[in-house]
Amino acid sequence: MEFFGKIGSSVEGGLAYVGALTSLAGRAAYFTFIGPFQGKPLRFQRAVSQAMEAGVRALPILSLITFFIGLILALQAAYELRRFGAISFVASAVALSMTRELGPLITAVIVIGRSGSAFAAELGTMRVSEEIDALETMAINPVSFLVAPKFIAMILMLPCLTIWANFMGILGGSLFGVAQADFTFPRYIIASLDALFMRDVVTGLIKSFMFGVTITAVGCLEGLNTTGGAEQVGRSTTRAVVMSIFLVILVDLVFTMLFYFLGEH
Amino acid sequence: MQIAARPATGGTILDITGDIDLAHSPAMRKALLQEIREKKTPKVFLNLEKVRYIDSSGIASLVEGLKASRDQGSRLILYGLSKTVREVMELSRLQKIFEIHDSEAQALAS
Amino acid sequence: MAPSVENLGVDESFDGPMISLRDLRVSYTGREILHGINFDVQRGETLVILGGSGSGKSTLLRTLVGLEKPTSGQVWIRGKNFSAISEVERDEIRKRLGMSFQGGALFGSMTVGENVALPLQEHTKLEPTTVEIMVRLKLDQVGLSGFEDFLPSQLSGGMKKRAAVARALAMDPEILFFDEPSAGLDPIIAAGIDQLILELKKAFHMTIIVVTHELASAFLIADRMVLINKGDVVALGTTEEMKTSKHPRVRQFLDRIPEPAVAQELDYLQMLTEPSSKSGEGRQGKSR
Ligand SMILES: Nc1ncnc2c1ncn2[C@@H]1O[C@H](COP(=O)(O)OP(=O)(O)OP(=O)(O)O)[C@@H](O)[C@H]1O
Ligand SMILES: [Mg+2]
């Protein structure tokens, strides 16, 4: 009995958490899309600097990791494919798994590590040092000033990063293709592009957009909800990372299922 | 706040009426800089007799005007400061930097 | 930027008390910190809040600017019940308030100059050149000329405090709240802050609420004083009334008499060895 009670209360807690995330994202959306028409400034400059930090600075590490992932995928796929003498399918195998799944996911994980955690740490520090309170007493809305620019930056940058990650993954796969599977580089790329439908790319991008919303909402909510002192900021940051990874996987599952059943028809 | 310009010996008098506060100092700044930079008036007199209140943004705008007039080699002369306006000037320690007179006659004679 | 900039200037049309507290009670996580505070502050008045450490002074200031919600009672600012108005109305009032926090609360990612400029950039249509001059004027008033481009982390504790005061002054507010503005400042600079408070009052007719432990400074700047002890107002009056007050707590505070060692040996032993109750309640209110 108690067990079910516990499950009940944690489901309730989970729903409340998702509710808080949605409300934060909703308020940020208000300041982004409706606020500017009511004379509330859209903080474009702040969004640009966030986009630089979350997007452009992530490129080197993202490129390296997704290149390796592409290479690993090619090796793993070829291991099975060559038993059927179908090694030339390695290009399409890599291209499909990158764009549909691993490109968005790996990008999300890297962005969680770089930016999601940074959002929680930044807002958490501002919370415990009364900076958020100071903003409020100046009649500056913290969601508008701090959170909305992060949302704008992330929902723009995550799809861009994902496209780049897909490309680097295919490039990584081509290293194997050229070295081991009798492809020339142009033929490998053409084979990859031939395997892809627009749908594959678009579903990946829709997912990455949702990941961007999720990561920002979790990072900012954990930061804003920090109470107590400096040690709590560390705790918020950890929670933000763990929660983001969990929710990103959950969102991934939901959307993959959705696309699967939509694709049936 | 309202600003009206009228000619005077050797320059222009700007009569200011009302409060020079956050909402209105941009207008005063614009009028002042136009008179100094564009019309290159050699002497700009600022009549503050009808100014009840000035805040830091007003003071900052006056400082901009003073700097512009120094750059042009022209003069910015204030007169008719109320007690409040004088006190705000003193708070910013600017009363010695501006050329300030009590009345219009004194200002014009200077 | 903001559409409301038109009604930002002084508004002297309101002539009731600038601040009015009605049986104000505030709790943190179930523990009541302020037990029914009542007082009014008139326009142009400087009120000094005195009280022992932990007596609830910062909590009172935070409640006055709407950062803490009262559990009961009301805060009226400029004739509006602060906890019963819309967010838009509250922001309109907050644009006329300036607050310097006990810990400074400067924005760590911005320079001192950007900190002071922020409210001006957010709420006014002033030109950047005007804002820059205003920032320099404010920093000069607190003795921080030339530190615009420093980050808060590059300042000493006392300099942070003064930068926070400069930021609170940015919009020439009608009501200023200072939480221990001169704690940790050397005597010369602390005297400078006192001077500034007097000049602000004279020039702008500002209503100023100052929390301080510096008695000399309190008597210099205050029109009236309120002494808070463990969340209750124990005395409220003009500086003269306070000086001549016979109230034991007031005398103790003003004459700087330490707490007598009241604990009986047995109580004391018990207090030291009693198993902890975890609630955090108790120790403070007991036997002191
Ligand atoms: N965020 C908080 N959560 C829980 N309790 C708090 C919190 N902030 C303050 N308190 C409690 O409220 C009481 C009053 O604190 P407050 O900071 O208002 O005191 P103060 O009078 O400003 O003291 P000081 O002179 O030392 O600054 C203290 O007992 C403190 O333990
Ligand atoms: Mg305090």
# chains A, B, ... in the order shown; residues from 1 in each chain; ligands from 1
>>> residues_around(residues="Gln95 (chain B)", least_positions_apart="3", cutoff="12 Å", atoms="only C-alpha atoms", output="ChimeraX atom specification")
/B:59,62-63,77-79,81,85-92,98-101
>>> write_last_selection(atoms="C-alpha atoms", output="short mmCIF file (atom, residue, chain, number, x, y, z; two decimals), in the first residue's frame")
data_model
loop_
_atom_site.label_atom_id
_atom_site.label_comp_id
_atom_site.auth_asym_id
_atom_site.auth_seq_id
_atom_site.Cartn_x
_atom_site.Cartn_y
_atom_site.Cartn_z
CA ILE B 59 21.94 67.59 -14.77
CA LEU B 62 23.25 70.11 -18.95
CA VAL B 63 26.75 68.65 -18.60
CA ILE B 77 24.85 80.46 -19.30
CA LEU B 78 22.26 79.41 -16.71
CA TYR B 79 20.10 81.77 -14.73
CA LEU B 81 17.85 78.65 -10.54
CA VAL B 85 17.66 73.21 -8.60
CA ARG B 86 20.62 74.85 -6.88
CA GLU B 87 20.72 72.08 -4.29
CA VAL B 88 20.74 69.36 -6.92
CA MET B 89 23.62 71.21 -8.63
CA GLU B 90 25.49 71.31 -5.35
CA LEU B 91 24.89 67.61 -4.75
CA SER B 92 26.68 66.92 -8.01
CA PHE B 98 28.60 76.08 -14.85
CA GLU B 99 28.30 79.77 -15.50
CA ILE B 100 25.35 80.66 -13.27
CA HIS B 101 23.64 84.03 -12.79
#
>>> closest_atom_pairs(of="chain A", to="ligand 1", cutoff="10 Å", atoms="only C-alpha atoms and all ligand atoms", output="tab-separated table")
residue	atom	partner	partner_atom_place_in_ligand_line	distance
A:Val128	CA	ligand 1	1 (N)	9.4
A:Thr227	CA	ligand 1	1 (N)	7.7
A:Gly228	CA	ligand 1	1 (N)	6.9
A:Gly229	CA	ligand 1	1 (N)	9.7
>>> residues_near_ligand(ligand="ligand 2", cutoff="9 Å", atoms="only C-alpha atoms and all ligand atoms", output="PDB file with N, CA and C atoms, in the first residue's frame")
ATOM      1  N   SER C  53      21.376  42.062  15.985  1.00  0.00           N
ATOM      2  CA  SER C  53      21.584  41.167  14.856  1.00  0.00           C
ATOM      3  C   SER C  53      20.545  40.052  14.886  1.00  0.00           C
ATOM      4  N   GLY C  54      19.935  39.793  13.757  1.00  0.00           N
ATOM      5  CA  GLY C  54      18.923  38.740  13.692  1.00  0.00           C
ATOM      6  C   GLY C  54      17.559  39.173  14.177  1.00  0.00           C
ATOM      7  N   SER C  55      17.374  40.470  14.448  1.00  0.00           N
ATOM      8  CA  SER C  55      16.084  40.918  14.977  1.00  0.00           C
ATOM      9  C   SER C  55      15.040  41.081  13.870  1.00  0.00           C
ATOM     10  N   GLY C  56      15.454  41.002  12.612  1.00  0.00           N
ATOM     11  CA  GLY C  56      14.481  41.052  11.523  1.00  0.00           C
ATOM     12  C   GLY C  56      14.497  42.322  10.704  1.00  0.00           C
ATOM     13  N   LYS C  57      15.583  43.092  10.783  1.00  0.00           N
ATOM     14  CA  LYS C  57      15.639  44.365  10.068  1.00  0.00           C
ATOM     15  C   LYS C  57      15.687  44.145   8.553  1.00  0.00           C
ATOM     16  N   SER C  58      16.576  43.251   8.116  1.00  0.00           N
ATOM     17  CA  SER C  58      16.657  42.998   6.674  1.00  0.00           C
ATOM     18  C   SER C  58      15.353  42.401   6.166  1.00  0.00           C
ATOM     19  N   THR C  59      14.780  41.530   6.966  1.00  0.00           N
ATOM     20  CA  THR C  59      13.497  40.934   6.580  1.00  0.00           C
ATOM     21  C   THR C  59      12.446  42.019   6.407  1.00  0.00           C
ATOM     22  N   LEU C  61      12.943  45.209   5.576  1.00  0.00           N
ATOM     23  CA  LEU C  61      13.211  45.933   4.327  1.00  0.00           C
ATOM     24  C   LEU C  61      12.771  45.110   3.118  1.00  0.00           C
ATOM     25  N   PHE C 101      21.193  46.434  -0.990  1.00  0.00           N
ATOM     26  CA  PHE C 101      21.092  45.245  -0.146  1.00  0.00           C
ATOM     27  C   PHE C 101      22.271  45.173   0.818  1.00  0.00           C
ATOM     28  N   GLN C 102      22.028  44.416   1.899  1.00  0.00           N
ATOM     29  CA  GLN C 102      23.081  44.269   2.907  1.00  0.00           C
ATOM     30  C   GLN C 102      24.356  43.691   2.276  1.00  0.00           C
ATOM     31  N   GLY C 103      24.177  42.730   1.364  1.00  0.00           N
ATOM     32  CA  GLY C 103      25.342  42.099   0.737  1.00  0.00           C
ATOM     33  C   GLY C 103      25.721  42.730  -0.590  1.00  0.00           C
ATOM     34  N   ASP C 179      20.253  49.014   3.412  1.00  0.00           N
ATOM     35  CA  ASP C 179      20.500  48.018   4.456  1.00  0.00           C
ATOM     36  C   ASP C 179      21.968  48.081   4.847  1.00  0.00           C
ATOM     37  N   GLU C 180      22.239  48.696   5.958  1.00  0.00           N
ATOM     38  CA  GLU C 180      23.590  48.878   6.488  1.00  0.00           C
ATOM     39  C   GLU C 180      24.554  49.402   5.420  1.00  0.00           C
ATOM     40  N   VAL C 211      18.815  51.024   7.602  1.00  0.00           N
ATOM     41  CA  VAL C 211      19.141  50.101   8.682  1.00  0.00           C
ATOM     42  C   VAL C 211      20.599  50.338   9.026  1.00  0.00           C
ATOM     43  N   THR C 212      20.890  50.599  10.283  1.00  0.00           N
ATOM     44  CA  THR C 212      22.302  50.786  10.621  1.00  0.00           C
ATOM     45  C   THR C 212      22.579  50.360  12.054  1.00  0.00           C
TER      46      THR C 212
END
>>> atom_distance(atom1="CA of Ile34 (chain A)", atom2="CA of Thr124 (chain C)")
20.6 Å
>>> closest_residue(among="A:Ser208, A:Ser10, A:Ser23, A:Ser115", to="Met52 (chain A)", atoms="only C-alpha atoms")
A:Ser115
>>> residues_around(residues="region 166-178 of chain C", least_positions_apart="4", cutoff="6 Å", atoms="only C-alpha atoms", output="PyMOL selection string")
chain C and resi 96-100+116+138-139+206-210
>>> closest_atom_pairs(of="chain C", to="chain B", cutoff="9 Å", atoms="only C-alpha atoms", output="Markdown table")
| residue | atom | partner | partner_atom | distance |
| --- | --- | --- | --- | --- |
| C:Val5 | CA | B:Ala23 | CA | 5.8 |
| C:Glu6 | CA | B:Ala23 | CA | 5.4 |
| C:Asn7 | CA | B:Ala23 | CA | 7.4 |
| C:Leu8 | CA | B:Ala23 | CA | 6.3 |
| C:Gly9 | CA | B:Asp21 | CA | 5.4 |
| C:Val10 | CA | B:Asp21 | CA | 7.6 |
| C:Leu120 | CA | B:Leu22 | CA | 8.8 |
| C:Thr124 | CA | B:Leu22 | CA | 6.6 |
| C:Lys125 | CA | B:Pro26 | CA | 7.4 |
| C:Leu126 | CA | B:Pro26 | CA | 5.9 |
| C:Glu127 | CA | B:Pro26 | CA | 7.2 |
| C:Thr129 | CA | B:Glu64 | CA | 8.0 |
| C:Thr130 | CA | B:Ala60 | CA | 5.7 |
| C:Val131 | CA | B:Ser57 | CA | 7.5 |
| C:Glu132 | CA | B:Ala60 | CA | 8.6 |
| C:Ile133 | CA | B:Ala60 | CA | 5.6 |
| C:Met134 | CA | B:Ala60 | CA | 5.6 |
| C:Leu137 | CA | B:Ser92 | CA | 6.5 |
| C:Lys138 | CA | B:Ser92 | CA | 8.3 |
| C:Asp140 | CA | B:Ser92 | CA | 8.2 |
| C:Gln141 | CA | B:Ser92 | CA | 7.1 |
| C:Ala170 | CA | B:Ser56 | CA | 8.3 |
| C:Met171 | CA | B:Leu22 | CA | 7.9 |
| C:Asp172 | CA | B:Asp55 | CA | 6.8 |
| C:Leu196 | CA | B:Leu91 | CA | 8.0 |
| C:Glu199 | CA | B:Leu91 | CA | 6.4 |
| C:Leu200 | CA | B:Leu91 | CA | 7.4 |
| C:Lys202 | CA | B:Glu87 | CA | 7.3 |
| C:Ala203 | CA | B:Glu87 | CA | 5.0 |
| C:Phe204 | CA | B:Val88 | CA | 7.3 |
>>> write_last_selection(atoms="N, CA and C atoms", output="PDB file, in the first residue's frame")
ATOM      1  N   VAL C   5       7.344  55.407 -19.438  1.00  0.00           N
ATOM      2  CA  VAL C   5       8.365  56.391 -19.118  1.00  0.00           C
ATOM      3  C   VAL C   5       7.765  57.772 -18.870  1.00  0.00           C
ATOM      4  N   GLU C   6       6.601  58.029 -19.449  1.00  0.00           N
ATOM      5  CA  GLU C   6       5.983  59.349 -19.303  1.00  0.00           C
ATOM      6  C   GLU C   6       5.626  59.668 -17.848  1.00  0.00           C
ATOM      7  N   ASN C   7       5.227  58.650 -17.096  1.00  0.00           N
ATOM      8  CA  ASN C   7       4.857  58.965 -15.716  1.00  0.00           C
ATOM      9  C   ASN C   7       5.961  58.617 -14.727  1.00  0.00           C
ATOM     10  N   LEU C   8       7.197  58.840 -15.158  1.00  0.00           N
ATOM     11  CA  LEU C   8       8.293  58.461 -14.280  1.00  0.00           C
ATOM     12  C   LEU C   8       8.784  59.575 -13.362  1.00  0.00           C
ATOM     13  N   GLY C   9       8.536  60.815 -13.731  1.00  0.00           N
ATOM     14  CA  GLY C   9       9.122  61.906 -12.955  1.00  0.00           C
ATOM     15  C   GLY C   9       8.581  61.972 -11.546  1.00  0.00           C
ATOM     16  N   VAL C  10       8.879  63.046 -10.845  1.00  0.00           N
ATOM     17  CA  VAL C  10       8.328  63.163  -9.499  1.00  0.00           C
ATOM     18  C   VAL C  10       6.837  63.286  -9.588  1.00  0.00           C
ATOM     19  N   LEU C 120      18.494  52.554 -15.704  1.00  0.00           N
ATOM     20  CA  LEU C 120      18.269  53.670 -16.633  1.00  0.00           C
ATOM     21  C   LEU C 120      18.035  53.152 -18.047  1.00  0.00           C
ATOM     22  N   THR C 124      14.196  54.012 -19.148  1.00  0.00           N
ATOM     23  CA  THR C 124      14.122  55.363 -19.703  1.00  0.00           C
ATOM     24  C   THR C 124      14.562  55.371 -21.162  1.00  0.00           C
ATOM     25  N   LYS C 125      14.330  56.504 -21.804  1.00  0.00           N
ATOM     26  CA  LYS C 125      14.743  56.649 -23.200  1.00  0.00           C
ATOM     27  C   LYS C 125      15.964  57.555 -23.301  1.00  0.00           C
ATOM     28  N   LEU C 126      16.725  57.635 -22.236  1.00  0.00           N
ATOM     29  CA  LEU C 126      17.883  58.527 -22.245  1.00  0.00           C
ATOM     30  C   LEU C 126      18.930  58.040 -23.235  1.00  0.00           C
ATOM     31  N   GLU C 127      19.657  59.000 -23.804  1.00  0.00           N
ATOM     32  CA  GLU C 127      20.746  58.655 -24.727  1.00  0.00           C
ATOM     33  C   GLU C 127      21.882  57.990 -23.949  1.00  0.00           C
ATOM     34  N   THR C 129      24.966  58.534 -24.039  1.00  0.00           N
ATOM     35  CA  THR C 129      25.934  59.508 -23.519  1.00  0.00           C
ATOM     36  C   THR C 129      25.429  60.132 -22.218  1.00  0.00           C
ATOM     37  N   THR C 130      24.115  60.399 -22.159  1.00  0.00           N
ATOM     38  CA  THR C 130      23.545  60.953 -20.920  1.00  0.00           C
ATOM     39  C   THR C 130      23.676  59.945 -19.784  1.00  0.00           C
ATOM     40  N   VAL C 131      23.356  58.673 -20.102  1.00  0.00           N
ATOM     41  CA  VAL C 131      23.431  57.632 -19.078  1.00  0.00           C
ATOM     42  C   VAL C 131      24.865  57.539 -18.544  1.00  0.00           C
ATOM     43  N   GLU C 132      25.823  57.636 -19.446  1.00  0.00           N
ATOM     44  CA  GLU C 132      27.216  57.519 -19.019  1.00  0.00           C
ATOM     45  C   GLU C 132      27.587  58.634 -18.041  1.00  0.00           C
ATOM     46  N   ILE C 133      27.135  59.857 -18.342  1.00  0.00           N
ATOM     47  CA  ILE C 133      27.424  60.966 -17.426  1.00  0.00           C
ATOM     48  C   ILE C 133      26.734  60.746 -16.088  1.00  0.00           C
ATOM     49  N   MET C 134      25.474  60.273 -16.142  1.00  0.00           N
ATOM     50  CA  MET C 134      24.754  60.019 -14.884  1.00  0.00           C
ATOM     51  C   MET C 134      25.479  58.979 -14.038  1.00  0.00           C
ATOM     52  N   LEU C 137      28.344  60.594 -12.404  1.00  0.00           N
ATOM     53  CA  LEU C 137      27.910  61.455 -11.299  1.00  0.00           C
ATOM     54  C   LEU C 137      27.611  60.623 -10.056  1.00  0.00           C
ATOM     55  N   LYS C 138      26.876  59.522 -10.251  1.00  0.00           N
ATOM     56  CA  LYS C 138      26.495  58.681  -9.103  1.00  0.00           C
ATOM     57  C   LYS C 138      27.733  58.054  -8.461  1.00  0.00           C
ATOM     58  N   ASP C 140      30.705  59.171  -8.542  1.00  0.00           N
ATOM     59  CA  ASP C 140      31.457  60.225  -7.869  1.00  0.00           C
ATOM     60  C   ASP C 140      30.843  60.531  -6.507  1.00  0.00           C
ATOM     61  N   GLN C 141      29.510  60.508  -6.435  1.00  0.00           N
ATOM     62  CA  GLN C 141      28.838  60.807  -5.157  1.00  0.00           C
ATOM     63  C   GLN C 141      29.184  59.804  -4.062  1.00  0.00           C
ATOM     64  N   ALA C 170      20.419  55.383  -8.901  1.00  0.00           N
ATOM     65  CA  ALA C 170      20.445  55.625 -10.346  1.00  0.00           C
ATOM     66  C   ALA C 170      19.236  56.396 -10.858  1.00  0.00           C
ATOM     67  N   MET C 171      18.049  56.005 -10.410  1.00  0.00           N
ATOM     68  CA  MET C 171      16.840  56.613 -10.970  1.00  0.00           C
ATOM     69  C   MET C 171      16.353  57.810 -10.145  1.00  0.00           C
ATOM     70  N   ASP C 172      17.163  58.350  -9.243  1.00  0.00           N
ATOM     71  CA  ASP C 172      16.718  59.394  -8.315  1.00  0.00           C
ATOM     72  C   ASP C 172      15.392  59.006  -7.674  1.00  0.00           C
ATOM     73  N   LEU C 196      25.994  62.265   2.164  1.00  0.00           N
ATOM     74  CA  LEU C 196      25.221  62.050   0.936  1.00  0.00           C
ATOM     75  C   LEU C 196      23.741  61.883   1.256  1.00  0.00           C
ATOM     76  N   GLU C 199      22.281  65.206   1.997  1.00  0.00           N
ATOM     77  CA  GLU C 199      22.143  66.040   0.796  1.00  0.00           C
ATOM     78  C   GLU C 199      21.003  65.559  -0.095  1.00  0.00           C
ATOM     79  N   LEU C 200      20.860  64.237  -0.197  1.00  0.00           N
ATOM     80  CA  LEU C 200      19.777  63.682  -1.027  1.00  0.00           C
ATOM     81  C   LEU C 200      18.426  64.107  -0.474  1.00  0.00           C
ATOM     82  N   LYS C 202      17.831  66.750   1.280  1.00  0.00           N
ATOM     83  CA  LYS C 202      17.642  68.179   1.078  1.00  0.00           C
ATOM     84  C   LYS C 202      17.302  68.475  -0.389  1.00  0.00           C
ATOM     85  N   ALA C 203      18.094  67.905  -1.299  1.00  0.00           N
ATOM     86  CA  ALA C 203      17.936  68.261  -2.709  1.00  0.00           C
ATOM     87  C   ALA C 203      16.694  67.628  -3.325  1.00  0.00           C
ATOM     88  N   PHE C 204      16.464  66.362  -3.056  1.00  0.00           N
ATOM     89  CA  PHE C 204      15.366  65.657  -3.738  1.00  0.00           C
ATOM     90  C   PHE C 204      14.167  65.407  -2.842  1.00  0.00           C
TER      91      PHE C 204
END
>>> residues_around(residues="Ser129 (chain A)", least_positions_apart="4", cutoff="9 Å", atoms="only C-alpha atoms", output="number ranges by chain")
A: 124-125, 133, 229-230; C: 103-107
>>> residues_around(residues="Arg57 (chain A)", least_positions_apart="5", cutoff="12 Å", atoms="only C-alpha atoms", output="short mmCIF file (atom, residue, chain, number, x, y, z; two decimals) with C-alpha atoms, in the first residue's frame")
data_model
loop_
_atom_site.label_atom_id
_atom_site.label_comp_id
_atom_site.auth_asym_id
_atom_site.auth_seq_id
_atom_site.Cartn_x
_atom_site.Cartn_y
_atom_site.Cartn_z
CA SER A 49 25.72 36.66 -26.67
CA GLN A 50 24.00 33.58 -25.23
CA ALA A 51 23.87 32.07 -28.70
CA MET A 52 27.59 32.67 -29.13
CA LEU A 62 30.85 18.88 -30.85
CA SER A 63 32.68 18.39 -34.16
CA ILE A 110 26.98 18.14 -25.05
CA VAL A 111 24.81 21.23 -24.72
CA ARG A 114 28.16 23.01 -21.43
CA SER A 115 25.08 25.25 -21.21
CA MET A 157 21.28 27.11 -31.85
CA LEU A 161 24.33 22.46 -33.99
#
>>> select_by_dssp(residues="chain B", states="strand (DSSP E)", output="tab-separated table (two decimals) with N, CA, C and O atoms, in the first residue's frame")
chain	number	residue	atom	x	y	z
B	2	GLN	N	8.15	72.40	-21.21
B	2	GLN	CA	8.13	73.08	-22.50
B	2	GLN	C	9.40	73.90	-22.69
B	2	GLN	O	9.96	74.41	-21.73
B	3	ILE	N	9.83	74.00	-23.95
B	3	ILE	CA	11.00	74.81	-24.26
B	3	ILE	C	10.61	75.82	-25.32
B	3	ILE	O	10.00	75.47	-26.33
B	4	ALA	N	10.95	77.10	-25.09
B	4	ALA	CA	10.72	78.12	-26.11
B	4	ALA	C	12.01	78.90	-26.30
B	4	ALA	O	12.73	79.16	-25.34
B	5	ALA	N	12.32	79.21	-27.56
B	5	ALA	CA	13.54	79.95	-27.84
B	5	ALA	C	13.20	81.37	-28.23
B	5	ALA	O	12.19	81.62	-28.88
B	6	ARG	N	13.98	82.32	-27.76
B	6	ARG	CA	13.81	83.70	-28.22
B	6	ARG	C	15.20	84.33	-28.34
B	6	ARG	O	16.11	83.98	-27.59
B	7	PRO	N	15.35	85.25	-29.31
B	7	PRO	CA	16.67	85.85	-29.53
B	7	PRO	C	17.03	86.81	-28.40
B	7	PRO	O	16.16	87.37	-27.75
B	8	ALA	N	18.32	86.97	-28.16
B	8	ALA	CA	18.79	87.92	-27.15
B	8	ALA	C	20.10	88.50	-27.66
B	8	ALA	O	20.64	88.02	-28.64
B	11	GLY	N	23.04	86.11	-28.62
B	11	GLY	CA	22.72	84.69	-28.63
B	11	GLY	C	21.24	84.39	-28.54
B	11	GLY	O	20.41	85.15	-29.02
B	12	THR	N	20.91	83.28	-27.92
B	12	THR	CA	19.52	82.83	-27.83
B	12	THR	C	19.20	82.50	-26.38
B	12	THR	O	20.04	81.96	-25.66
B	13	ILE	N	17.98	82.83	-25.99
B	13	ILE	CA	17.51	82.42	-24.66
B	13	ILE	C	16.57	81.23	-24.84
B	13	ILE	O	15.65	81.27	-25.67
B	14	LEU	N	16.81	80.16	-24.08
B	14	LEU	CA	15.87	79.05	-24.06
B	14	LEU	C	15.10	79.13	-22.74
B	14	LEU	O	15.69	79.03	-21.67
B	15	ASP	N	13.80	79.35	-22.84
B	15	ASP	CA	12.96	79.38	-21.63
B	15	ASP	C	12.42	77.98	-21.39
B	15	ASP	O	11.76	77.41	-22.25
B	16	ILE	N	12.72	77.45	-20.21
B	16	ILE	CA	12.23	76.11	-19.90
B	16	ILE	C	11.18	76.19	-18.82
B	16	ILE	O	11.34	76.89	-17.82
B	17	THR	N	10.08	75.50	-19.05
B	17	THR	CA	8.98	75.51	-18.08
B	17	THR	C	8.66	74.07	-17.70
B	17	THR	O	8.51	73.23	-18.57
B	43	LYS	N	26.20	82.39	-27.72
B	43	LYS	CA	25.82	82.42	-26.31
B	43	LYS	C	24.44	81.79	-26.17
B	43	LYS	O	23.48	82.28	-26.76
B	44	VAL	N	24.37	80.72	-25.42
B	44	VAL	CA	23.05	80.12	-25.16
B	44	VAL	C	22.70	80.38	-23.70
B	44	VAL	O	23.44	79.98	-22.79
B	45	PHE	N	21.59	81.10	-23.48
B	45	PHE	CA	21.13	81.36	-22.12
B	45	PHE	C	20.01	80.38	-21.79
B	45	PHE	O	19.09	80.20	-22.58
B	46	LEU	N	20.14	79.76	-20.63
B	46	LEU	CA	19.10	78.81	-20.24
B	46	LEU	C	18.33	79.42	-19.07
B	46	LEU	O	18.86	79.59	-17.98
B	47	ASN	N	17.08	79.75	-19.34
B	47	ASN	CA	16.25	80.36	-18.31
B	47	ASN	C	15.55	79.27	-17.50
B	47	ASN	O	14.65	78.61	-18.00
B	48	LEU	N	15.96	79.11	-16.25
B	48	LEU	CA	15.42	78.02	-15.42
B	48	LEU	C	14.45	78.54	-14.35
B	48	LEU	O	14.12	77.83	-13.41
B	49	GLU	N	13.99	79.81	-14.53
B	49	GLU	CA	13.11	80.41	-13.52
B	49	GLU	C	11.87	79.57	-13.26
B	49	GLU	O	11.38	79.49	-12.14
B	50	LYS	N	11.35	78.95	-14.32
B	50	LYS	CA	10.09	78.21	-14.17
B	50	LYS	C	10.32	76.71	-14.05
B	50	LYS	O	9.46	75.91	-14.38
B	75	ARG	N	29.36	79.81	-25.37
B	75	ARG	CA	29.08	79.85	-23.93
B	75	ARG	C	27.68	79.35	-23.61
B	75	ARG	O	26.72	79.62	-24.34
B	76	LEU	N	27.57	78.61	-22.50
B	76	LEU	CA	26.27	78.19	-21.98
B	76	LEU	C	26.09	78.86	-20.63
B	76	LEU	O	26.92	78.69	-19.74
B	77	ILE	N	25.04	79.67	-20.51
B	77	ILE	CA	24.85	80.46	-19.30
B	77	ILE	C	23.49	80.12	-18.68
B	77	ILE	O	22.46	80.15	-19.35
B	78	LEU	N	23.51	79.75	-17.40
B	78	LEU	CA	22.26	79.41	-16.71
B	78	LEU	C	21.84	80.57	-15.80
B	78	LEU	O	22.69	81.22	-15.21
B	79	TYR	N	20.55	80.80	-15.72
B	79	TYR	CA	20.10	81.77	-14.73
B	79	TYR	C	18.71	81.42	-14.20
B	79	TYR	O	17.99	80.61	-14.80
B	99	GLU	N	28.40	78.32	-15.65
B	99	GLU	CA	28.30	79.77	-15.50
B	99	GLU	C	26.87	80.07	-15.07
B	99	GLU	O	25.94	79.88	-15.85
B	100	ILE	N	26.70	80.50	-13.82
B	100	ILE	CA	25.35	80.66	-13.27
B	100	ILE	C	25.13	82.10	-12.82
B	100	ILE	O	25.97	82.68	-12.13
B	101	HIS	N	24.00	82.69	-13.24
B	101	HIS	CA	23.64	84.03	-12.79
B	101	HIS	C	22.27	84.01	-12.14
B	101	HIS	O	21.50	83.08	-12.34
>>> residues_around(residues="region 63-66 of chain C", least_positions_apart="6", cutoff="10 Å", atoms="only C-alpha atoms", output="MDAnalysis selection string")
(chainID A and resid 133 136:138) or (chainID C and resid 19:21 24:26 57 74:77 82:83 90 93:94 97:99 177)
>>> select_by_dssp(residues="chain B", states="helix (DSSP H, G or I)", output="VMD selection string")
chain B and resid 25 to 38 56 to 72 83 to 91 104 to 109
>>> atom_distance(atom1="CA of His205 (chain C)", atom2="CA of Gly44 (chain C)")
4.8 Å
>>> residues_around(residues="Ser153 (chain C)", least_positions_apart="2", cutoff="12 Å", atoms="only C-alpha atoms", output="count of residues only")
18
>>> closest_residue(among="B:Ser74, B:Thr9, B:Gln106, B:Ser82", to="Lys40 (chain B)", atoms="only C-alpha atoms")
B:Ser74
>>> atom_distance(atom1="CA of Glu222 (chain A)", atom2="CA of Arg239 (chain A)")
7.2 Å
